[in-house]
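File shown: structure-v4.txt (compact mmCIF, C-alpha atoms).
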# COMPACT_ATOMS: atom_id res chain seq x y z
CA MET A 1 0.00 0.00 0.00
CA MET A 2 1.41 3.36 -0.99
CA ASN A 3 2.01 6.02 1.61
CA LEU A 4 1.38 9.19 -0.36
CA THR A 5 0.88 12.80 0.57
CA LYS A 6 -2.75 13.66 0.11
CA SER A 7 -3.91 16.16 -2.50
CA SER A 8 -6.90 18.47 -2.13
CA ASN A 9 -7.58 17.69 -5.78
CA PRO A 10 -10.22 14.90 -5.58
CA ALA A 11 -8.84 13.39 -8.78
CA LEU A 12 -5.49 12.80 -7.07
CA SER A 13 -6.68 11.55 -3.71
CA GLU A 14 -4.68 9.01 -1.72
CA LYS A 15 -7.68 6.70 -1.65
CA VAL A 16 -7.74 6.45 -5.43
CA PHE A 17 -4.02 5.75 -5.77
CA ASN A 18 -4.04 3.19 -2.95
CA LYS A 19 -6.94 1.38 -4.60
CA GLU A 20 -5.34 1.31 -8.03
CA TYR A 21 -1.92 0.34 -6.74
CA THR A 22 -3.19 -3.11 -5.86
CA THR A 23 -3.76 -3.89 -9.55
CA ALA A 24 -1.04 -6.03 -11.06
CA SER A 25 0.73 -4.46 -14.03
CA SER A 26 3.90 -5.22 -15.95
CA GLU A 27 4.50 -1.53 -16.51
CA VAL A 28 4.57 1.27 -13.97
CA MET A 29 3.75 4.94 -13.96
CA THR A 30 6.58 7.42 -14.64
CA VAL A 31 6.83 11.18 -14.26
CA ASN A 32 7.92 11.58 -17.89
CA GLY A 33 4.99 9.49 -19.08
CA THR A 34 2.60 11.67 -17.09
CA ILE A 35 4.20 14.81 -18.52
CA ASN A 36 3.76 13.53 -22.07
CA LYS A 37 0.13 12.68 -21.51
CA THR A 38 -0.49 16.05 -19.85
CA ALA A 39 1.05 17.80 -22.88
CA LEU A 40 -1.20 15.81 -25.23
CA SER A 41 -4.23 16.68 -23.13
CA LEU A 42 -3.33 20.37 -23.28
CA LEU A 43 -3.09 20.18 -27.07
CA LEU A 44 -6.60 18.72 -27.15
CA VAL A 45 -7.83 21.53 -24.90
CA ILE A 46 -6.32 24.13 -27.22
CA ALA A 47 -7.76 22.50 -30.36
CA ALA A 48 -11.26 22.31 -28.87
CA ALA A 49 -10.97 25.86 -27.51
CA LEU A 50 -10.09 27.16 -30.98
CA PHE A 51 -13.25 25.49 -32.30
CA THR A 52 -15.63 27.39 -30.02
CA TRP A 53 -13.47 30.52 -30.21
CA ASN A 54 -13.88 30.58 -34.00
CA LYS A 55 -17.58 29.81 -33.68
CA PHE A 56 -17.96 33.04 -31.72
CA PHE A 57 -15.76 35.33 -33.78
CA ASN A 58 -16.91 34.01 -37.16
CA ALA A 59 -20.45 35.08 -36.34
CA VAL A 60 -21.76 38.31 -37.87
CA THR A 61 -22.46 40.01 -34.54
CA PRO A 62 -21.47 39.39 -30.91
CA GLU A 63 -25.08 38.46 -30.21
CA ALA A 64 -25.00 35.85 -32.98
CA GLY A 65 -21.67 34.64 -31.67
CA MET A 66 -23.16 34.23 -28.21
CA SER A 67 -26.01 32.15 -29.63
CA ALA A 68 -23.53 30.05 -31.59
CA VAL A 69 -21.38 29.10 -28.60
CA ILE A 70 -23.99 28.69 -25.86
CA PRO A 71 -24.86 25.08 -26.90
CA TRP A 72 -21.15 24.20 -26.95
CA LEU A 73 -20.67 25.81 -23.55
CA ALA A 74 -23.46 23.64 -22.16
CA ILE A 75 -22.03 20.49 -23.77
CA GLY A 76 -18.54 21.30 -22.56
CA GLY A 77 -19.55 22.23 -19.02
CA ILE A 78 -22.02 19.43 -18.34
CA GLY A 79 -20.12 16.83 -20.34
CA GLY A 80 -16.82 17.77 -18.70
CA PHE A 81 -18.32 17.45 -15.23
CA ILE A 82 -19.82 14.02 -15.97
CA THR A 83 -16.58 12.81 -17.57
CA ALA A 84 -14.60 14.01 -14.56
CA ILE A 85 -16.86 12.08 -12.17
CA VAL A 86 -16.56 8.94 -14.29
CA THR A 87 -12.77 9.27 -14.39
CA ILE A 88 -12.50 9.74 -10.62
CA PHE A 89 -14.53 6.60 -9.93
CA ARG A 90 -13.00 4.56 -12.78
CA PRO A 91 -9.31 5.49 -13.05
CA LYS A 92 -8.68 2.57 -15.41
CA SER A 93 -10.77 4.39 -18.00
CA ALA A 94 -8.57 7.49 -17.82
CA GLY A 95 -6.82 6.62 -21.09
CA ILE A 96 -10.13 7.22 -22.86
CA SER A 97 -11.91 9.63 -20.53
CA THR A 98 -9.02 12.07 -20.04
CA PRO A 99 -8.81 13.04 -23.76
CA ILE A 100 -12.61 13.34 -23.81
CA TYR A 101 -12.47 15.54 -20.72
CA ALA A 102 -9.78 17.70 -22.35
CA VAL A 103 -11.92 18.22 -25.48
CA LEU A 104 -15.04 19.06 -23.50
CA GLU A 105 -13.23 21.48 -21.19
CA GLY A 106 -11.56 23.03 -24.23
CA MET A 107 -14.96 23.79 -25.75
CA LEU A 108 -16.05 25.38 -22.49
CA LEU A 109 -12.89 27.45 -22.08
CA GLY A 110 -12.84 28.54 -25.69
CA GLY A 111 -16.40 29.82 -25.58
CA LEU A 112 -16.00 31.63 -22.25
CA SER A 113 -12.69 33.11 -23.37
CA ALA A 114 -14.19 34.40 -26.61
CA ILE A 115 -17.08 36.08 -24.81
CA LEU A 116 -14.73 37.86 -22.40
CA GLU A 117 -12.28 38.73 -25.18
CA ALA A 118 -15.09 40.49 -27.03
CA SER A 119 -15.64 42.69 -23.98
CA TYR A 120 -12.03 43.13 -22.87
CA SER A 121 -9.56 42.93 -25.74
CA GLY A 122 -6.34 41.08 -24.90
CA ILE A 123 -7.63 39.52 -21.69
CA VAL A 124 -7.29 35.93 -22.93
CA MET A 125 -3.63 36.16 -23.90
CA ARG A 126 -2.86 37.71 -20.52
CA ALA A 127 -4.78 34.94 -18.75
CA VAL A 128 -2.98 32.22 -20.72
CA ALA A 129 0.42 33.82 -20.10
CA LEU A 130 -0.26 34.18 -16.37
CA THR A 131 -1.50 30.59 -16.09
CA LEU A 132 1.67 29.27 -17.75
CA ALA A 133 3.81 31.55 -15.60
CA VAL A 134 2.14 30.37 -12.40
CA PHE A 135 2.50 26.73 -13.47
CA ALA A 136 6.22 27.22 -14.20
CA ALA A 137 6.75 29.10 -10.94
CA MET A 138 5.02 26.43 -8.84
CA LEU A 139 7.02 23.69 -10.56
CA PHE A 140 10.24 25.60 -9.87
CA PHE A 141 9.31 26.21 -6.22
CA TYR A 142 8.50 22.52 -5.80
CA ARG A 143 11.55 21.11 -7.57
CA SER A 144 13.93 23.52 -5.83
CA GLY A 145 12.49 22.74 -2.41
CA ILE A 146 11.42 26.33 -1.76
CA ILE A 147 7.94 24.99 -1.08
CA LYS A 148 7.95 21.76 0.90
CA VAL A 149 4.86 19.59 1.05
CA THR A 150 4.53 18.97 4.78
CA LYS A 151 1.44 17.68 6.55
CA LYS A 152 0.59 21.19 7.79
CA PHE A 153 0.99 22.61 4.29
CA MET A 154 -1.20 19.91 2.84
CA MET A 155 -3.94 20.38 5.44
CA GLY A 156 -3.87 24.15 4.96
CA VAL A 157 -4.33 23.90 1.21
CA PHE A 158 -7.00 21.24 1.64
CA ALA A 159 -8.97 23.39 4.10
CA ALA A 160 -8.70 26.47 1.87
CA THR A 161 -9.85 24.51 -1.19
CA ALA A 162 -12.79 23.02 0.69
CA GLY A 163 -13.75 26.48 1.96
CA ILE A 164 -13.74 27.88 -1.57
CA ALA A 165 -15.87 24.99 -2.78
CA VAL A 166 -18.44 25.66 -0.05
CA VAL A 167 -18.61 29.38 -0.87
CA TYR A 168 -19.05 28.64 -4.59
CA LEU A 169 -21.79 26.13 -3.81
CA ILE A 170 -23.62 28.69 -1.67
CA SER A 171 -23.24 31.23 -4.48
CA PHE A 172 -24.66 28.75 -7.00
CA VAL A 173 -27.67 27.93 -4.83
CA ALA A 174 -28.28 31.61 -4.08
CA GLY A 175 -28.13 32.39 -7.80
CA MET A 176 -30.89 29.85 -8.46
CA PHE A 177 -33.14 31.98 -6.25
CA GLY A 178 -32.11 35.24 -7.87
CA ALA A 179 -29.71 36.34 -5.15
CA GLN A 180 -26.24 37.57 -6.13
CA LEU A 181 -23.25 37.64 -3.79
CA GLY A 182 -21.74 41.00 -4.72
CA PHE A 183 -18.59 40.46 -2.69
CA LEU A 184 -17.87 37.39 -4.83
CA HIS A 185 -18.93 38.44 -8.31
CA GLY A 186 -18.49 42.22 -8.30
CA ASN A 187 -15.37 44.29 -8.97
CA SER A 188 -14.97 45.81 -5.53
CA ASN A 189 -11.65 45.72 -3.70
CA LEU A 190 -13.01 42.90 -1.53
CA SER A 191 -14.10 40.88 -4.56
CA ILE A 192 -10.72 41.32 -6.25
CA GLY A 193 -8.97 40.38 -3.02
CA ILE A 194 -11.03 37.18 -2.80
CA SER A 195 -10.13 36.32 -6.40
CA LEU A 196 -6.45 36.79 -5.61
CA VAL A 197 -6.76 34.39 -2.69
CA VAL A 198 -8.56 31.82 -4.85
CA VAL A 199 -5.87 32.06 -7.54
CA ALA A 200 -3.20 31.54 -4.87
CA VAL A 201 -4.99 28.45 -3.51
CA ALA A 202 -5.37 27.00 -7.01
CA ALA A 203 -1.65 27.58 -7.60
CA LEU A 204 -0.74 25.80 -4.35
CA ASN A 205 -2.85 22.84 -5.43
CA LEU A 206 -0.43 22.43 -8.32
CA VAL A 207 2.37 21.84 -5.82
CA LEU A 208 0.38 19.09 -4.15
CA ASP A 209 -0.36 17.57 -7.55
CA PHE A 210 3.34 17.57 -8.52
CA ASN A 211 4.25 15.90 -5.24
CA PHE A 212 1.51 13.32 -5.49
CA ILE A 213 2.43 12.30 -9.04
CA GLU A 214 6.11 12.08 -8.16
CA ARG A 215 5.45 9.89 -5.12
CA ALA A 216 3.07 7.64 -7.06
CA SER A 217 5.67 7.16 -9.79
CA GLU A 218 8.38 6.35 -7.25
CA GLN A 219 6.21 3.71 -5.60
CA GLY A 220 5.19 1.92 -8.78
CA ALA A 221 1.60 2.88 -9.60
CA PRO A 222 0.24 1.10 -12.71
CA LYS A 223 1.10 2.54 -16.14
CA TYR A 224 -2.45 3.66 -16.91
CA MET A 225 -2.28 5.98 -13.92
CA GLU A 226 -0.16 8.31 -16.06
CA TRP A 227 -3.37 9.28 -17.82
CA TYR A 228 -5.06 9.68 -14.47
CA GLY A 229 -2.23 11.87 -13.21
CA ALA A 230 -2.56 13.98 -16.37
CA PHE A 231 -6.29 14.26 -15.70
CA GLY A 232 -5.66 15.50 -12.16
CA LEU A 233 -3.28 18.18 -13.38
CA MET A 234 -5.77 19.23 -16.05
CA VAL A 235 -8.47 19.71 -13.42
CA THR A 236 -6.23 22.09 -11.46
CA LEU A 237 -4.98 23.94 -14.56
CA VAL A 238 -8.52 24.49 -15.85
CA TRP A 239 -9.53 25.86 -12.45
CA LEU A 240 -6.45 28.09 -12.28
CA TYR A 241 -7.05 29.51 -15.77
CA LEU A 242 -10.71 30.23 -15.07
CA GLU A 243 -9.87 32.00 -11.81
CA ILE A 244 -7.16 34.11 -13.46
CA LEU A 245 -9.56 34.99 -16.28
CA ARG A 246 -12.17 35.90 -13.69
CA LEU A 247 -9.71 38.10 -11.80
CA LEU A 248 -8.58 39.91 -14.96
CA SER A 249 -12.18 40.53 -16.02
CA LYS A 250 -12.90 42.14 -12.64
CA LEU A 251 -9.90 44.40 -13.01
CA ALA A 252 -10.76 45.26 -16.61
CA SER A 253 -14.35 46.15 -15.71
CA ARG A 254 -13.05 48.88 -13.40
CA ASP A 255 -11.30 50.76 -16.21

Output the file's structure as structure tokens, nothing else.
Amino acid sequence: MMNLTKSSNPALSEKVFNKEYTTASSEVMTVNGTINKTALSLLLVIAAALFTWNKFFNAVTPEAGMSAVIPWLAIGGIGGFITAIVTIFRPKSAGISTPIYAVLEGMLLGGLSAILEASYSGIVMRAVALTLAVFAAMLFFYRSGIIKVTKKFMMGVFAATAGIAVVYLISFVAGMFGAQLGFLHGNSNLSIGISLVVVAVAALNLVLDFNFIERASEQGAPKYMEWYGAFGLMVTLVWLYLEILRLLSKLASRD
């Protein structure tokens, strides 16, 4: 049984890896294999995002563009969520479900990005650049030992992530009844401050993901778990990008 540091990312939970580790396999998971599969998944995200992006901007008017991408946003959002749940409960299917998840999330991200780009020119390239910069910085901090994944660090990130999830759930339920949480969705100093905190927590989740994948590889997880590790990283990266895009849109709306 593997003794791994927990991750607040549900896709990379210790329970899942411990369960899958018991499966006999002639090949084992490697860090390089996970990196390759993550890169492929990102390419699929980009390709799918370009599809919905072009759907929006090839339309005659922004209103027509909105109508053109809304169905794809729904497919991407709902389909991505269902695929993620299936992948979490059936890690062996990750070789098939992870590429599907990447395509669905790409459609969602491409449509949302296009809508915001139409309102705030240049926001998407800034969001992409910042996401890549944060990813590189967190990887550097982890590999250099500047950030060490201790039990206290892990529990802190886990608690913060759970807290954010609860607040977002409350916001979603309140929205169904017509109530809006201004401090969460507005562009006030408080709202921007909250977004900065959320971005920071998402970034720290990357560190836990790096550590978890490294430990799983060292302790011989089955080969197919490379796809599952790639899926876990994709979940965090999608969240990080959306939160950065959200933060930039709040700042841009104040100009």

One decimal place gives the CA of Gly175 (chain A)-CA of Lys55 (chain A) separation as 28.1 Å

CA of Gly186 (chain A) to CA of Phe172 (chain A) measures 14.9 Å

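The shortest atom-to-atom distance to Ala84 (chain A), with only C-alpha atoms taken into account, belongs to A:Ile100 out of A:Pro71, A:Ala118, A:Gly110, A:Ile100.
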
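The closest residue to Leu247 (chain A), picked from A:Ser188, A:Thr83, A:Asn205, A:Thr161 and counting all atoms listed in the file, is A:Ser188.
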
Would you pick out the contacts of region 127-129 of chain A at 7 Å or less, using only C-alpha atoms, so that residues sharing its chain but fewer than 6 positions from it are not included, and give the list as a PyMOL selection string? chain A and resi 241+244-245

With distances taken over all atoms listed in the file, the candidate from A:Ala94, A:Val235, A:Val45, A:Gly79 nearest Lys223 (chain A) is A:Ala94

**Message:** Could you list, as a PyMOL selection string, every residue within 12 Å of Leu184 (chain A), counting only C-alpha atoms and ignoring same-chain residues fewer than 3 positions away?
**Reply:** chain A and resi 164+167-172+174-175+179-181+187-198+243+246-247+250

Correct to one decimal, the distance CA of Ser67 (chain A)-CA of Trp53 (chain A) is 12.7 Å

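Using all atoms listed in the file, the smallest distance between any of A:Thr131, A:Thr87, A:Ser144, A:Thr52 and Leu108 (chain A) comes from A:Thr52.
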
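Nearest to Ile213 (chain A) of all the residues A:Leu242, A:Met29, A:Met234, A:Ile96 is A:Met29, based on all atoms listed in the file.
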
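Each of A:Thr38, A:Val207, A:Met155, A:Val173 was checked against Gly95 (chain A) using only C-alpha atoms; the smallest atom-to-atom distance is that of A:Thr38.
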